[in-house]
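Just data.cif here, mmCIF, C-alpha atoms:
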data_coords
loop_
_atom_site.group_PDB
_atom_site.id
_atom_site.type_symbol
_atom_site.label_atom_id
_atom_site.label_comp_id
_atom_site.auth_asym_id
_atom_site.auth_seq_id
_atom_site.Cartn_x
_atom_site.Cartn_y
_atom_site.Cartn_z
ATOM 1 C CA MET B 1 -24.487 12.105 -11.150
ATOM 2 C CA ALA B 2 -22.475 15.115 -10.006
ATOM 3 C CA GLN B 3 -23.613 14.375 -6.477
ATOM 4 C CA LEU B 4 -22.256 10.831 -6.760
ATOM 5 C CA ALA B 5 -18.909 12.104 -8.023
ATOM 6 C CA ALA B 6 -18.740 14.695 -5.243
ATOM 7 C CA ARG B 7 -19.501 12.026 -2.676
ATOM 8 C CA ALA B 8 -16.875 9.698 -4.078
ATOM 9 C CA SER B 9 -14.203 12.376 -3.768
ATOM 10 C CA ALA B 10 -15.327 13.707 -0.387
ATOM 11 C CA HIS B 11 -13.159 13.302 2.686
ATOM 12 C CA ASP B 12 -14.289 10.786 5.290
ATOM 13 C CA MET B 13 -14.938 13.559 7.806
ATOM 14 C CA ASP B 14 -17.216 15.380 5.360
ATOM 15 C CA LEU B 15 -19.156 12.171 4.844
ATOM 16 C CA VAL B 16 -19.309 11.674 8.602
ATOM 17 C CA ALA B 17 -20.690 15.199 9.014
ATOM 18 C CA GLN B 18 -23.361 14.466 6.416
ATOM 19 C CA SER B 19 -24.150 11.151 8.102
ATOM 20 C CA VAL B 20 -24.697 12.939 11.422
ATOM 21 C CA GLY B 21 -27.511 14.777 9.685
ATOM 22 C CA GLY B 22 -29.048 11.423 8.731
ATOM 23 C CA ASN B 23 -27.698 11.269 5.174
ATOM 24 C CA ARG B 24 -27.661 7.523 4.510
ATOM 25 C CA ASP B 25 -26.135 7.932 1.047
ATOM 26 C CA ALA B 26 -23.098 9.602 2.590
ATOM 27 C CA PHE B 27 -22.823 6.802 5.113
ATOM 28 C CA GLY B 28 -23.189 4.294 2.277
ATOM 29 C CA GLU B 29 -20.075 5.780 0.710
ATOM 30 C CA LEU B 30 -18.221 5.228 3.986
ATOM 31 C CA VAL B 31 -19.397 1.605 3.976
ATOM 32 C CA ARG B 32 -18.171 1.237 0.398
ATOM 33 C CA ARG B 33 -14.749 2.600 1.340
ATOM 34 C CA HIS B 34 -14.188 0.721 4.579
ATOM 35 C CA GLY B 35 -16.450 -2.316 4.434
ATOM 36 C CA SER B 36 -13.758 -4.654 3.160
ATOM 37 C CA GLY B 37 -11.272 -3.483 5.784
ATOM 38 C CA VAL B 38 -13.696 -4.220 8.604
ATOM 39 C CA ARG B 39 -14.619 -7.607 7.132
ATOM 40 C CA ALA B 40 -10.951 -8.477 6.730
ATOM 41 C CA LEU B 41 -10.165 -7.563 10.323
ATOM 42 C CA LEU B 42 -12.951 -9.775 11.643
ATOM 43 C CA ARG B 43 -11.758 -12.692 9.541
ATOM 44 C CA ARG B 44 -8.227 -12.123 10.744
ATOM 45 C CA MET B 45 -9.484 -12.142 14.311
ATOM 46 C CA GLY B 46 -10.796 -15.628 13.636
ATOM 47 C CA ALA B 47 -14.405 -15.201 12.530
ATOM 48 C CA ASP B 48 -15.642 -17.333 9.679
ATOM 49 C CA ALA B 49 -16.742 -15.473 6.533
ATOM 50 C CA ALA B 50 -20.468 -15.432 7.315
ATOM 51 C CA THR B 51 -19.980 -14.358 10.929
ATOM 52 C CA ALA B 52 -17.489 -11.706 9.873
ATOM 53 C CA ASP B 53 -19.968 -10.262 7.389
ATOM 54 C CA ASP B 54 -22.814 -10.289 9.925
ATOM 55 C CA LEU B 55 -20.673 -8.572 12.543
ATOM 56 C CA ALA B 56 -19.285 -6.072 10.037
ATOM 57 C CA GLN B 57 -22.852 -5.172 9.114
ATOM 58 C CA ASP B 58 -23.793 -4.815 12.788
ATOM 59 C CA ALA B 59 -20.717 -2.667 13.333
ATOM 60 C CA PHE B 60 -21.697 -0.289 10.544
ATOM 61 C CA LEU B 61 -25.283 -0.099 11.798
ATOM 62 C CA ALA B 62 -23.986 0.695 15.272
ATOM 63 C CA ALA B 63 -21.595 3.240 13.776
ATOM 64 C CA PHE B 64 -24.480 4.950 12.000
ATOM 65 C CA GLU B 65 -26.400 5.122 15.253
ATOM 66 C CA GLN B 66 -23.423 6.575 17.105
ATOM 67 C CA VAL B 67 -21.866 8.590 14.279
ATOM 68 C CA ALA B 68 -22.472 11.872 16.117
ATOM 69 C CA GLU B 69 -20.093 10.606 18.812
ATOM 70 C CA PHE B 70 -17.199 10.245 16.342
ATOM 71 C CA ARG B 71 -15.108 13.356 16.901
ATOM 72 C CA GLY B 72 -12.383 12.626 14.385
ATOM 73 C CA GLU B 73 -9.805 11.351 16.846
ATOM 74 C CA GLY B 74 -8.142 8.754 14.656
ATOM 75 C CA THR B 75 -9.628 7.564 11.391
ATOM 76 C CA PHE B 76 -13.221 6.630 10.742
ATOM 77 C CA ALA B 77 -12.059 3.192 9.586
ATOM 78 C CA GLY B 78 -10.196 2.685 12.864
ATOM 79 C CA TRP B 79 -13.264 3.721 14.825
ATOM 80 C CA VAL B 80 -15.540 1.245 13.027
ATOM 81 C CA LYS B 81 -12.910 -1.468 13.361
ATOM 82 C CA ARG B 82 -12.899 -0.977 17.115
ATOM 83 C CA ILE B 83 -16.666 -1.266 17.205
ATOM 84 C CA ALA B 84 -16.478 -4.434 15.101
ATOM 85 C CA ALA B 85 -13.703 -5.873 17.266
ATOM 86 C CA ARG B 86 -15.729 -5.319 20.424
ATOM 87 C CA LEU B 87 -18.763 -6.949 18.834
ATOM 88 C CA TYR B 88 -16.647 -9.954 17.907
ATOM 89 C CA ILE B 89 -15.178 -10.177 21.407
ATOM 90 C CA ARG B 90 -18.663 -10.055 22.880
ATOM 91 C CA ARG B 91 -19.746 -12.957 20.685
ATOM 92 C CA TRP B 92 -16.494 -14.793 21.278
ATOM 93 C CA ARG B 93 -16.897 -14.531 25.050
ATOM 94 C CA ARG B 94 -20.567 -15.465 24.895
ATOM 95 C CA GLU B 95 -19.707 -18.609 23.031
ATOM 96 C CA ALA B 96 -16.855 -19.206 25.487
ATOM 97 C CA ARG B 97 -14.748 -20.683 22.779
ATOM 98 C CA MET B 98 -11.451 -20.565 24.534
ATOM 99 C CA PRO B 99 -10.212 -19.800 28.026
ATOM 100 C CA LEU B 100 -7.968 -16.772 28.120
ATOM 101 C CA GLY B 101 -5.502 -18.242 30.544
ATOM 102 C CA PRO B 102 -1.927 -18.942 29.599
ATOM 103 C CA GLU B 103 -1.642 -21.705 27.068
ATOM 104 C CA ALA B 104 0.906 -24.436 26.878
ATOM 105 C CA PRO B 105 3.284 -23.792 24.006
ATOM 106 C CA ASP B 106 2.194 -25.780 21.008
ATOM 107 C CA GLU B 107 5.126 -26.658 18.855
ATOM 108 C CA ASP B 108 2.878 -27.835 16.055
ATOM 109 C CA MET B 109 1.433 -24.339 15.767
ATOM 110 C CA GLY B 110 4.629 -22.993 14.260
ATOM 111 C CA VAL B 111 4.159 -21.725 10.758
ATOM 112 C CA GLY B 112 6.390 -21.141 7.850
ATOM 113 C CA ARG B 113 8.388 -24.294 8.282
ATOM 114 C CA GLY B 114 9.516 -25.569 4.952
ATOM 115 C CA GLU B 115 8.573 -22.255 3.341
ATOM 116 C CA SER B 116 11.390 -20.129 4.550
ATOM 117 C CA GLY B 117 13.037 -19.624 1.215
ATOM 118 C CA ALA B 118 13.882 -16.044 0.274
ATOM 119 C CA ASN B 119 11.145 -15.925 -2.295
ATOM 120 C CA ALA B 120 8.493 -17.593 -0.237
ATOM 121 C CA ARG B 121 5.447 -15.386 -0.282
ATOM 122 C CA ILE B 122 3.257 -15.993 2.708
ATOM 123 C CA ASP B 123 0.485 -13.522 3.180
ATOM 124 C CA LEU B 124 -0.729 -12.260 6.518
ATOM 125 C CA ASP B 125 -4.008 -14.168 6.395
ATOM 126 C CA GLU B 126 -2.201 -17.440 5.875
ATOM 127 C CA ALA B 127 0.306 -16.629 8.585
ATOM 128 C CA LEU B 128 -2.442 -15.818 11.083
ATOM 129 C CA LYS B 129 -3.872 -19.280 10.581
ATOM 130 C CA GLY B 130 -0.765 -20.627 12.251
ATOM 131 C CA LEU B 131 -1.576 -18.877 15.510
ATOM 132 C CA SER B 132 -3.807 -20.263 18.220
ATOM 133 C CA PRO B 133 -7.262 -18.609 18.322
ATOM 134 C CA VAL B 134 -6.374 -16.561 21.387
ATOM 135 C CA GLU B 135 -3.047 -15.406 19.970
ATOM 136 C CA ARG B 136 -4.719 -14.528 16.713
ATOM 137 C CA LEU B 137 -7.388 -12.554 18.527
ATOM 138 C CA CYS B 138 -4.901 -10.661 20.675
ATOM 139 C CA VAL B 139 -2.543 -9.866 17.798
ATOM 140 C CA SER B 140 -5.424 -8.722 15.576
ATOM 141 C CA LEU B 141 -6.854 -6.551 18.333
ATOM 142 C CA CYS B 142 -3.549 -4.807 18.929
ATOM 143 C CA TYR B 143 -2.224 -4.517 15.381
ATOM 144 C CA GLY B 144 -5.438 -4.607 13.350
ATOM 145 C CA ALA B 145 -7.973 -2.790 15.512
ATOM 146 C CA GLY B 146 -5.364 -0.510 17.045
ATOM 147 C CA LEU B 147 -6.113 -1.310 20.669
ATOM 148 C CA SER B 148 -3.368 -0.951 23.228
ATOM 149 C CA HIS B 149 -2.502 -4.024 25.272
ATOM 150 C CA ALA B 150 -4.396 -2.545 28.205
ATOM 151 C CA GLU B 151 -7.459 -1.822 26.062
ATOM 152 C CA ALA B 152 -7.366 -5.329 24.629
ATOM 153 C CA ALA B 153 -7.087 -6.770 28.133
ATOM 154 C CA ALA B 154 -10.056 -4.693 29.272
ATOM 155 C CA ALA B 155 -12.109 -5.682 26.226
ATOM 156 C CA LEU B 156 -11.282 -9.342 26.733
ATOM 157 C CA ASN B 157 -11.724 -9.086 30.501
ATOM 158 C CA ALA B 158 -8.355 -10.770 30.868
ATOM 159 C CA PRO B 159 -5.225 -9.882 32.856
ATOM 160 C CA LEU B 160 -2.869 -7.535 31.051
ATOM 161 C CA GLY B 161 0.048 -9.924 31.461
ATOM 162 C CA THR B 162 -1.906 -12.729 29.822
ATOM 163 C CA VAL B 163 -2.756 -10.588 26.817
ATOM 164 C CA LYS B 164 0.841 -9.443 26.520
ATOM 165 C CA SER B 165 2.118 -12.995 26.551
ATOM 166 C CA HIS B 166 -0.417 -14.031 23.891
ATOM 167 C CA VAL B 167 0.634 -11.101 21.729
ATOM 168 C CA LYS B 168 4.322 -11.892 22.231
ATOM 169 C CA ARG B 169 3.871 -15.545 21.348
ATOM 170 C CA GLY B 170 1.751 -14.615 18.346
ATOM 171 C CA LEU B 171 4.310 -12.112 17.120
ATOM 172 C CA ASP B 172 7.082 -14.671 17.428
ATOM 173 C CA LYS B 173 5.121 -17.116 15.299
ATOM 174 C CA LEU B 174 4.284 -14.438 12.740
ATOM 175 C CA LYS B 175 7.917 -13.414 12.532
ATOM 176 C CA GLY B 176 8.836 -16.952 11.742
ATOM 177 C CA ALA B 177 6.261 -17.024 8.979
ATOM 178 C CA LEU B 178 6.705 -13.564 7.565
ATOM 179 C CA VAL B 179 10.365 -12.770 7.930
ATOM 180 C CA ALA B 180 11.007 -14.217 4.522
ATOM 181 C CA GLU B 181 8.568 -11.738 2.998
ATOM 182 C CA PRO B 182 10.337 -8.351 2.942
ATOM 183 C CA SER B 183 7.279 -6.278 2.092
ATOM 184 C CA LEU B 184 4.995 -8.171 4.482
ATOM 185 C CA SER B 185 2.385 -7.506 1.900
ATOM 186 C CA THR B 186 -0.780 -9.458 1.502
ATOM 187 C CA GLN B 187 -1.106 -11.117 -1.827
ATOM 188 C CA GLU B 188 -3.381 -9.308 -4.177
ATOM 189 C CA ARG B 189 -5.953 -11.918 -4.682
ATOM 190 C CA ALA B 190 -9.671 -11.713 -4.943
ATOM 191 C CA TYR B 191 -11.552 -13.282 -2.094
ATOM 192 C CA ASN B 192 -14.663 -15.123 -2.952
ATOM 193 C CA GLY B 193 -16.513 -14.155 0.220
ATOM 194 C CA MET R 194 14.573 -1.891 16.977
ATOM 195 C CA ALA R 195 13.997 -4.879 14.724
ATOM 196 C CA ASP R 196 10.918 -5.701 16.770
ATOM 197 C CA ARG R 197 9.527 -2.207 16.303
ATOM 198 C CA ASN R 198 10.165 -2.392 12.574
ATOM 199 C CA PHE R 199 8.395 -5.700 12.410
ATOM 200 C CA GLU R 200 5.453 -4.357 14.400
ATOM 201 C CA ALA R 201 5.183 -1.333 12.100
ATOM 202 C CA ARG R 202 5.232 -3.600 9.064
ATOM 203 C CA LEU R 203 2.641 -5.830 10.685
ATOM 204 C CA GLU R 204 0.349 -2.833 11.272
ATOM 205 C CA SER R 205 0.768 -1.877 7.603
ATOM 206 C CA ALA R 206 -0.096 -5.408 6.566
ATOM 207 C CA PHE R 207 -3.228 -5.318 8.722
ATOM 208 C CA ALA R 208 -4.171 -1.974 7.177
ATOM 209 C CA GLU R 209 -4.071 -3.435 3.678
ATOM 210 C CA THR R 210 -7.567 -4.185 2.503
ATOM 211 C CA PRO R 211 -8.127 -7.281 0.433
ATOM 212 C CA ALA R 212 -10.282 -6.959 -2.666
ATOM 213 C CA TYR R 213 -13.389 -8.970 -1.932
ATOM 214 C CA ALA R 214 -15.367 -10.055 -4.961
ATOM 215 C CA ASP R 215 -18.636 -9.400 -3.128
ATOM 216 C CA ALA R 216 -17.698 -5.968 -1.771
ATOM 217 C CA ASP R 217 -20.556 -4.254 -3.633
ATOM 218 C CA LEU R 218 -22.979 -6.852 -2.370
ATOM 219 C CA PHE R 219 -21.903 -6.129 1.193
ATOM 220 C CA VAL R 220 -22.495 -2.388 0.691
ATOM 221 C CA LEU R 221 -25.981 -3.122 -0.644
ATOM 222 C CA ARG R 222 -26.673 -5.380 2.313
ATOM 223 C CA VAL R 223 -25.689 -2.707 4.827
ATOM 224 C CA ASN R 224 -27.672 -0.044 2.966
ATOM 225 C CA ASP R 225 -30.739 -2.301 2.971
ATOM 226 C CA ALA R 226 -30.350 -2.884 6.699
ATOM 227 C CA LEU R 227 -30.013 0.862 7.300
ATOM 228 C CA GLU R 228 -33.129 1.496 5.240
ATOM 229 C CA ARG R 229 -35.034 -1.211 7.104
ATOM 230 C CA ASN R 230 -33.961 0.170 10.493
ATOM 231 C CA TRP R 231 -34.959 3.659 9.435
ATOM 232 C CA LEU R 232 -38.378 2.486 8.284
ATOM 233 C CA MET R 233 -38.931 0.481 11.456
ATOM 234 C CA ARG R 234 -37.982 3.467 13.562
ATOM 235 C CA ARG R 235 -40.396 5.725 11.731
ATOM 236 C CA ILE R 236 -43.187 3.173 12.068
ATOM 237 C CA LEU R 237 -42.408 2.776 15.777
ATOM 238 C CA ILE R 238 -42.371 6.532 16.379
ATOM 239 C CA GLY R 239 -45.607 6.910 14.442
ATOM 240 C CA ALA R 240 -47.258 4.065 16.347
ATOM 241 C CA LEU R 241 -46.097 5.467 19.687
ATOM 242 C CA GLY R 242 -47.368 8.892 18.673
ATOM 243 C CA VAL R 243 -50.788 7.516 17.757
ATOM 244 C CA ALA R 244 -50.935 5.449 20.947
ATOM 245 C CA GLY R 245 -49.872 8.459 23.019
ATOM 246 C CA GLY R 246 -52.445 10.631 21.296
ATOM 247 C CA LEU R 247 -55.208 8.107 21.897
ATOM 248 C CA ILE R 248 -54.273 7.676 25.547
ATOM 249 C CA GLY R 249 -54.001 11.434 26.041
ATOM 250 C CA GLY R 250 -57.322 12.020 24.279
ATOM 251 C CA ALA R 251 -59.028 9.363 26.362
ATOM 252 C CA GLN R 252 -57.600 10.855 29.556
ATOM 253 C CA LEU R 253 -58.847 14.310 28.575
ATOM 254 C CA LEU R 254 -62.307 12.992 27.854
ATOM 255 C CA ARG R 255 -62.375 11.042 31.112
ATOM 256 C CA SER R 256 -61.280 14.067 33.108
ATOM 257 C CA GLY R 257 -64.365 15.957 31.905
ATOM 258 C CA LEU R 258 -62.290 18.621 30.205
ATOM 259 C CA ILE R 259 -64.984 19.483 27.672
ATOM 260 C CA ASP R 260 -67.512 20.170 30.429
ATOM 261 C CA ARG R 261 -64.921 22.261 32.255
ATOM 262 C CA LEU R 262 -64.120 24.186 29.095
ATOM 263 C CA GLY R 263 -67.819 24.875 28.660
ATOM 264 C CA ALA R 264 -67.984 26.086 32.256
ATOM 265 C CA VAL R 265 -64.886 28.236 31.760
ATOM 266 C CA GLY R 266 -66.410 29.683 28.589
ATOM 267 C CA GLY R 267 -69.550 30.585 30.483
ATOM 268 C CA ALA R 268 -67.547 32.099 33.321
ATOM 269 C CA TRP R 269 -65.403 34.062 30.871
ATOM 270 C CA ARG R 270 -68.486 35.512 29.202
ATOM 271 C CA LEU R 271 -69.823 36.486 32.607
ATOM 272 C CA VAL R 272 -66.534 38.135 33.635
ATOM 273 C CA ASN R 273 -66.308 39.906 30.275
ATOM 274 C CA ASN R 274 -69.783 41.300 30.682
ATOM 275 C CA GLU R 275 -68.932 42.487 34.193
ATOM 276 C CA LEU R 276 -65.644 44.023 33.060
ATOM 277 C CA THR R 277 -67.188 45.966 30.202
ATOM 278 C CA SER R 278 -69.646 47.455 32.629
ATOM 279 C CA LEU R 279 -66.801 48.619 34.953
ATOM 280 C CA PRO R 280 -64.834 51.856 34.495
ATOM 281 C CA THR R 281 -61.408 51.351 32.821
ATOM 282 C CA ASP R 282 -59.361 52.772 35.722
ATOM 283 C CA ARG R 283 -60.880 50.258 38.122
ATOM 284 C CA VAL R 284 -60.132 47.395 35.763
ATOM 285 C CA LEU R 285 -56.472 48.461 35.365
ATOM 286 C CA SER R 286 -55.921 48.953 39.052
ATOM 287 C CA GLY R 287 -57.525 45.570 39.640
ATOM 288 C CA LEU R 288 -55.168 43.929 37.179
ATOM 289 C CA PHE R 289 -51.866 45.591 38.085
ATOM 290 C CA GLY R 290 -52.418 47.209 41.417
ATOM 291 C CA ALA R 291 -53.091 44.127 43.440
ATOM 292 C CA GLY R 292 -50.444 41.937 41.688
ATOM 293 C CA PRO R 293 -51.072 38.754 39.759
ATOM 294 C CA SER R 294 -53.487 36.321 41.256
ATOM 295 C CA THR R 295 -52.684 32.665 41.829
ATOM 296 C CA GLY R 296 -54.852 31.776 38.817
ATOM 297 C CA ALA R 297 -52.860 34.095 36.553
ATOM 298 C CA GLU R 298 -49.591 32.597 37.789
ATOM 299 C CA ILE R 299 -50.775 29.131 36.952
ATOM 300 C CA LEU R 300 -51.855 30.340 33.525
ATOM 301 C CA TRP R 301 -48.443 31.882 32.814
ATOM 302 C CA MET R 302 -46.613 28.799 34.089
ATOM 303 C CA SER R 303 -48.774 26.536 31.951
ATOM 304 C CA GLY R 304 -48.101 28.675 28.902
ATOM 305 C CA ALA R 305 -44.357 28.603 29.522
ATOM 306 C CA MET R 306 -44.349 24.842 29.995
ATOM 307 C CA ALA R 307 -46.404 24.362 26.853
ATOM 308 C CA ILE R 308 -43.882 26.431 24.878
ATOM 309 C CA LEU R 309 -41.025 24.431 26.416
ATOM 310 C CA ALA R 310 -42.714 21.138 25.540
ATOM 311 C CA LEU R 311 -43.342 22.340 21.997
ATOM 312 C CA GLY R 312 -39.679 23.319 21.682
ATOM 313 C CA LEU R 313 -38.552 19.885 22.877
ATOM 314 C CA PHE R 314 -40.943 18.173 20.512
ATOM 315 C CA VAL R 315 -39.783 20.227 17.507
ATOM 316 C CA THR R 316 -36.119 19.584 18.369
ATOM 317 C CA ARG R 317 -36.729 15.849 18.660
ATOM 318 C CA ALA R 318 -38.783 15.774 15.466
ATOM 319 C CA MET R 319 -36.025 17.590 13.561
ATOM 320 C CA ARG R 320 -33.471 15.027 14.757
ATOM 321 C CA GLU R 321 -35.634 12.077 13.832
ATOM 322 C CA PHE R 322 -36.880 13.233 10.464
#

Mind turning this structure into structure tokens?
Amino acid sequence: MAQLAARASAHDMDLVAQSVGGNRDAFGELVRRHGSGVRALLRRMGADAATADDLAQDAFLAAFEQVAEFRGEGTFAGWVKRIAARLYIRRWRREARMPLGPEAPDEDMGVGRGESGANARIDLDEALKGLSPVERLCVSLCYGAGLSHAEAAAALNAPLGTVKSHVKRGLDKLKGALVAEPSLSTQERAYNG
Amino acid sequence: MADRNFEARLESAFAETPAYADADLFVLRVNDALERNWLMRRILIGALGVAGGLIGGAQLLRSGLIDRLGAVGGAWRLVNNELTSLPTDRVLSGLFGAGPSTGAEILWMSGAMAILALGLFVTRAMREF
């Protein structure tokens, strides 16, 4: 019982150090803390709920395998998110869902129209749905997984300029949807998986 | 400036973690997968160890090691009998005066390599288990 309490209050880096020694309980605590964040990122990148959960699981398994390589540059959550993002990109490219070339502007993709009142509360997840899949992926990679534009371009195997233009277009659409929400906060609602 | 503010707010929004109703279930699922992987790895290592042992044992038997060991034992007894019948100063000068023989060098090298292999094995075993 005391061990559980100590684990719950331990710093991520302490849990990482224990995980390096093969302590799966310590790693389980890291999964408990950051599992939802990784799942949310994958859904925001465009994965459906089941795929997001599968990839999040794979990301944590990979993280456990490679945990000795985590040196504490950045947060543990950020590190796992990058692993998860790369796994999603790999699947996304394998399924060749969408070409990464420049897309024709799609006026119908605009979001937030008719909801721009001062009190309109549009959460990030809803706003992301208004982006094209590629824009959503690029924006999530750069602002959710913390990749630079160059890193995102390398991960996507796409020209840097293309990624930048997708991010720019995505940001413009998000601004239109979220500018009415001063806190830019996601609504506190329970997700049902 | 406004763009940078918006980007900072967007990063904060991405960092917010939604409260999933099945969060505990997900943790259990990952823990189960970790446990399963761990078990599979141990079984695999064990199976490889057994297979390696069997192959190594078969190779030793096929190489006629037991016969050679018997021959070495006989030779050792013979040498021992000869040595005990020699004066001590002749034995010592034979051992150190003429320098190590090729056979002794091989013996020392084999011993060193065996110790090295044991060290590697223990290190690997400590990492795995």

If the PyMOL selection byres ((chain R) within 6 of (chain B)) were run on this exact file, what residues would it hold? Put them as a PyMOL selection string.
chain R and resi 204+206-207+210+212-214+220+223

Keeping C-alpha atoms for every residue in the selection just given, could you write it to a file as a PDB file, in the coordinates of the input?
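As written to disk, again11.pdb reads:
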ATOM      1  CA  GLU R 204       0.349  -2.833  11.272  1.00  0.00           C
ATOM      2  CA  ALA R 206      -0.096  -5.408   6.566  1.00  0.00           C
ATOM      3  CA  PHE R 207      -3.228  -5.318   8.722  1.00  0.00           C
ATOM      4  CA  THR R 210      -7.567  -4.185   2.503  1.00  0.00           C
ATOM      5  CA  ALA R 212     -10.282  -6.959  -2.666  1.00  0.00           C
ATOM      6  CA  TYR R 213     -13.389  -8.970  -1.932  1.00  0.00           C
ATOM      7  CA  ALA R 214     -15.367 -10.055  -4.961  1.00  0.00           C
ATOM      8  CA  VAL R 220     -22.495  -2.388   0.691  1.00  0.00           C
ATOM      9  CA  VAL R 223     -25.689  -2.707   4.827  1.00  0.00           C
TER      10      VAL R 223
END

Given the file above and the PyMOL selection byres ((chain B and resi 7) around 12), which residues are selected, and can you give them as a ChimeraX atom specification?
/B:1-6,8-16,18-19,23-30,32-33

Spatial neighbours of His166 (chain B), 10 Å, only C-alpha atoms, chain gap at least 3 places, as a PyMOL selection string:
chain B and resi 100-103+131-139+160-163+169-172

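Here CA of Ala244 (chain R) and CA of Leu300 (chain R) stand 27.9 Å from one another.
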
For the atom pair CA of Ala63 (chain B) and CA of Arg93 (chain B), what is the interatomic distance in Å to one decimal place?
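Result for CA of Ala63 (chain B) versus CA of Arg93 (chain B): 21.6 Å, one decimal.
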
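The space between CA of Ala150 (chain B) and CA of Glu73 (chain B) spans 18.7 Å.
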
Do you know which residues are at most 12 Å from Ala318 (chain R) counting all atoms listed in the file, after dropping those on the same chain fewer than 6 positions away, and could you put them as a list of chain:residue names?
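Returned residues: R:Arg235, R:Ile238, R:Gly239, R:Gly242, R:Leu311, R:Gly312.
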